[in-house]
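K.L.:
Structure file work-v7.cif (mmCIF, C-alpha atoms) is given on the next line.
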data_data
#
loop_
_atom_site.label_atom_id
_atom_site.label_comp_id
_atom_site.auth_asym_id
_atom_site.auth_seq_id
_atom_site.Cartn_x
_atom_site.Cartn_y
_atom_site.Cartn_z
CA MET A 1 -25.00 17.32 3.91
CA GLU A 2 -22.59 15.00 2.18
CA THR A 3 -19.27 14.39 3.84
CA PRO A 4 -16.17 14.55 1.64
CA PHE A 5 -14.44 11.25 1.03
CA ARG A 6 -11.77 9.76 -1.21
CA VAL A 7 -10.72 6.25 -2.22
CA ASP A 8 -7.10 5.81 -3.28
CA THR A 9 -6.22 2.62 -5.16
CA ARG A 10 -3.00 0.81 -5.92
CA LYS A 11 -2.43 -2.44 -7.82
CA SER A 12 0.21 -4.88 -6.60
CA MET A 13 0.92 -8.49 -7.56
CA GLY A 14 -2.64 -9.31 -8.63
CA ASN A 15 -4.17 -7.57 -5.60
CA LEU A 16 -6.02 -4.27 -5.29
CA HIS A 17 -5.18 -2.04 -2.31
CA LEU A 18 -7.76 0.58 -1.38
CA VAL A 19 -7.25 3.39 1.13
CA LEU A 20 -10.47 4.93 2.43
CA ASN A 21 -10.36 8.59 3.49
CA GLY A 22 -13.05 10.59 5.30
CA ALA A 23 -16.19 9.22 6.92
CA PHE A 24 -17.45 5.75 6.04
CA ASP A 25 -21.08 6.62 5.40
CA ASP A 26 -23.60 5.39 2.81
CA ASN A 27 -21.89 7.41 0.03
CA LEU A 28 -18.44 5.94 0.66
CA ALA A 29 -19.94 2.46 1.11
CA SER A 30 -21.69 2.76 -2.28
CA THR A 31 -18.46 3.93 -3.92
CA LEU A 32 -16.50 1.06 -2.37
CA ILE A 33 -19.14 -1.45 -3.50
CA ALA A 34 -19.02 -0.09 -7.06
CA ILE A 35 -15.23 -0.54 -7.12
CA LEU A 36 -15.41 -4.06 -5.67
CA ARG A 37 -18.16 -5.09 -8.11
CA ARG A 38 -16.27 -3.65 -11.11
CA GLU A 39 -12.90 -5.15 -10.16
CA ASN A 40 -14.14 -8.49 -8.78
CA ALA A 41 -12.93 -10.56 -11.74
CA ASN A 42 -9.65 -8.65 -12.19
CA PHE A 43 -8.01 -9.16 -8.78
CA ARG A 44 -7.39 -12.07 -6.42
CA ARG A 45 -7.59 -10.14 -3.16
CA PHE A 46 -8.70 -6.74 -1.94
CA PHE A 47 -6.90 -4.98 0.90
CA ILE A 48 -9.01 -2.18 2.39
CA ASN A 49 -7.04 0.21 4.58
CA THR A 50 -9.28 1.97 7.11
CA GLU A 51 -6.56 3.93 8.90
CA LYS A 52 -7.59 7.32 7.44
CA LEU A 53 -11.29 7.00 8.27
CA HIS A 54 -12.31 9.39 11.00
CA ARG A 55 -15.76 7.84 11.45
CA VAL A 56 -17.63 4.62 10.59
CA ASP A 57 -21.38 5.16 10.33
CA ILE A 58 -23.67 2.24 11.04
CA LEU A 59 -25.57 2.80 7.76
CA GLY A 60 -22.39 2.51 5.71
CA LYS A 61 -21.46 -0.65 7.57
CA ILE A 62 -24.93 -2.18 7.00
CA ILE A 63 -24.79 -1.42 3.26
CA LEU A 64 -21.31 -2.97 2.95
CA HIS A 65 -22.29 -6.08 4.92
CA ALA A 66 -25.44 -6.59 2.80
CA PHE A 67 -23.31 -6.42 -0.34
CA MET A 68 -20.74 -8.89 1.02
CA GLN A 69 -23.52 -11.31 2.03
CA ASP A 70 -24.70 -11.41 -1.60
CA PHE A 71 -21.16 -11.91 -2.96
CA GLY A 72 -20.03 -14.86 -0.78
CA ASP A 73 -16.83 -15.56 -2.75
CA LEU A 74 -15.76 -11.94 -2.68
CA LYS A 75 -16.17 -11.72 1.11
CA SER A 76 -13.39 -14.29 1.64
CA ARG A 77 -11.02 -12.27 -0.58
CA ILE A 78 -11.38 -8.98 1.30
CA TYR A 79 -8.83 -8.10 3.99
CA PHE A 80 -9.37 -5.10 6.23
CA LYS A 81 -6.41 -3.15 7.59
CA GLY A 82 -6.10 -0.33 10.10
CA LYS A 83 -7.73 0.85 13.28
CA ASN A 84 -11.29 0.61 11.90
CA GLY A 85 -10.82 -2.76 10.22
CA SER A 86 -12.40 -4.82 12.98
CA THR A 87 -15.37 -2.43 13.11
CA MET A 88 -16.07 -2.81 9.39
CA ALA A 89 -15.34 -6.52 8.96
CA MET A 90 -18.02 -9.17 9.13
CA GLU A 91 -17.70 -12.06 11.55
CA GLY A 92 -15.02 -14.47 10.35
CA GLN A 93 -13.44 -11.99 7.94
CA LYS A 94 -9.72 -11.30 7.97
CA VAL A 95 -8.46 -8.17 9.72
CA LEU A 96 -4.76 -7.36 9.43
CA LEU A 97 -3.15 -5.57 12.34
CA SER A 98 -0.49 -3.09 11.37
CA LYS A 99 2.54 -2.18 13.44
CA GLU A 100 2.21 1.06 15.32
CA GLN A 101 4.27 3.65 13.47
CA HIS A 102 6.79 5.79 15.30
CA ARG A 103 6.62 9.50 14.49
CA ARG A 104 9.52 9.06 12.06
CA GLY A 105 7.90 6.09 10.31
CA CYS A 106 10.41 3.56 11.67
CA ALA A 107 7.86 1.10 13.20
CA GLY A 108 9.71 1.45 16.50
CA THR A 109 13.20 0.42 15.41
CA CYS A 110 15.12 3.72 15.56
CA LYS A 111 17.28 4.86 18.48
CA THR A 112 14.72 7.37 19.80
CA SER A 113 11.85 4.87 19.78
CA LYS A 114 11.04 3.03 22.99
CA ALA A 115 10.58 -0.20 21.02
CA GLY A 116 14.06 0.27 19.61
CA SER A 117 15.70 0.90 22.97
CA ASN A 118 18.32 -1.43 24.36
CA GLU A 119 16.09 -2.22 27.34
CA GLU A 120 13.22 -3.36 25.09
CA ARG A 121 15.52 -5.51 22.96
CA GLN A 122 16.87 -7.14 26.13
CA LYS A 123 13.36 -7.93 27.34
CA THR A 124 12.56 -9.49 23.97
CA ALA A 125 15.76 -11.53 23.99
CA THR A 126 14.98 -12.82 27.49
CA GLN A 127 11.45 -13.77 26.49
CA GLU A 128 12.73 -15.67 23.45
CA THR A 129 15.30 -17.68 25.44
CA GLY A 130 13.08 -18.37 28.42
CA CYS A 131 15.84 -17.56 30.94
CA GLY A 132 14.53 -17.05 34.43
CA ASN A 133 17.55 -16.54 36.71
CA GLY A 134 18.46 -20.20 36.36
CA LEU A 135 21.39 -21.82 34.61
CA ASN A 136 20.75 -22.19 30.88
CA LYS A 137 23.39 -23.77 28.71
CA LEU A 138 23.54 -22.52 25.15
CA SER A 139 25.76 -23.61 22.31
CA LYS A 140 28.00 -20.55 22.65
CA GLY A 141 28.36 -20.40 26.44
CA GLU A 142 26.57 -20.34 29.76
CA CYS A 143 24.02 -18.08 31.36
CA HIS A 144 24.38 -17.70 35.10
CA GLY A 145 21.19 -15.71 35.65
CA GLN A 146 23.00 -12.55 36.82
CA GLY A 147 20.36 -9.90 36.07
CA ILE A 148 21.43 -7.41 33.43
CA ASP A 149 24.54 -9.45 32.56
CA CYS A 150 22.26 -12.39 31.84
CA LEU A 151 20.17 -10.19 29.54
CA ARG A 152 23.26 -8.94 27.72
CA PHE A 153 24.48 -12.51 27.30
CA HIS A 154 21.21 -13.63 25.73
CA TYR A 155 20.97 -10.56 23.51
CA ARG A 156 24.45 -11.22 22.14
CA GLN A 157 23.58 -14.85 21.49
CA HIS A 158 20.58 -14.03 19.28
#
Here is a file; write its structure as structure tokens.
P.N.:
Amino acid sequence: METPFRVDTRKSMGNLHLVLNGAFDDNLASTLIAILRRENANFRRFFINTEKLHRVDILGKIILHAFMQDFGDLKSRIYFKGKNGSTMAMEGQKVLLSKEQHRRGCAGTCKTSKAGSNEERQKTATQETGCGNGLNKLSKGECHGQGIDCLRFHYRQH
């Protein structure tokens, strides 16, 4: 039984972005190869988003890797994105890690997101300044290493 799949494409600044949907089996691998072969001369880079794949079959992966071995130049121009990117990429190929999206699509920067909380920002500010309860002199004042006040000081300075 064939599994349903879909490939969405978008062109941007001389690059082709492909979003794979469904299961990455031999059928989807063959479709992807046909697109890459057809568009090879038309685009500089290919970004393949694997986020919407619910399964990566070994046969699909083998077919894709065999194709990329034959097209050496094309292999260096393919970037995989998403949670299945490292599974599908060949050794030495580029895999782009995407930021984890908050339920509202804010990438963790809104008020309700843990990554956007004041506590998280303070931890980040402390890590950037390297303050460790010692006396650090900055151009705009002094840090006296006083716990939360120290964190607030560094956060205001950055």
K.L.:
Work out how far CA of Ser76 (chain A) is from CA of Gly14 (chain A), in Å to one decimal.
P.N.:
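Straight-line distance from CA of Gly14 (chain A) to CA of Ser76 (chain A) works out to 15.7 Å.
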K.L.:
With the PyMOL selection byres ((chain A and resi 79) around 10) as the selection, what would be picked from this file? Answer as an MDAnalysis selection string, please.
P.N.:
chainID A and resid 17 45:49 75:78 80:81 85 89 93:96
K.L.:
For CA of Lys61 (chain A) and CA of Met90 (chain A), quote the distance in Å rounded to one decimal.
P.N.:
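Value for the CA of Lys61 (chain A)-CA of Met90 (chain A) distance: 9.3 Å.
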K.L.:
In Å, rounded to a single decimal, give me how far CA of Glu91 (chain A) is from CA of Phe5 (chain A).
P.N.:
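These atoms are spaced 25.8 Å apart.
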K.L.:
Select, from A:Asn15, A:Thr87, A:Thr50, A:Asn21, the residue with the minimum atom-to-atom distance to Leu36 (chain A), counting all atoms listed in the file.
P.N.:
A:Asn15
K.L.:
Convert the output of the PyMOL selection byres ((chain A and resi 30) around 12) on the shown file into explicit residues, formatted as a ChimeraX atom specification.
P.N.:
/A:5,7,24-29,31-37,59-67
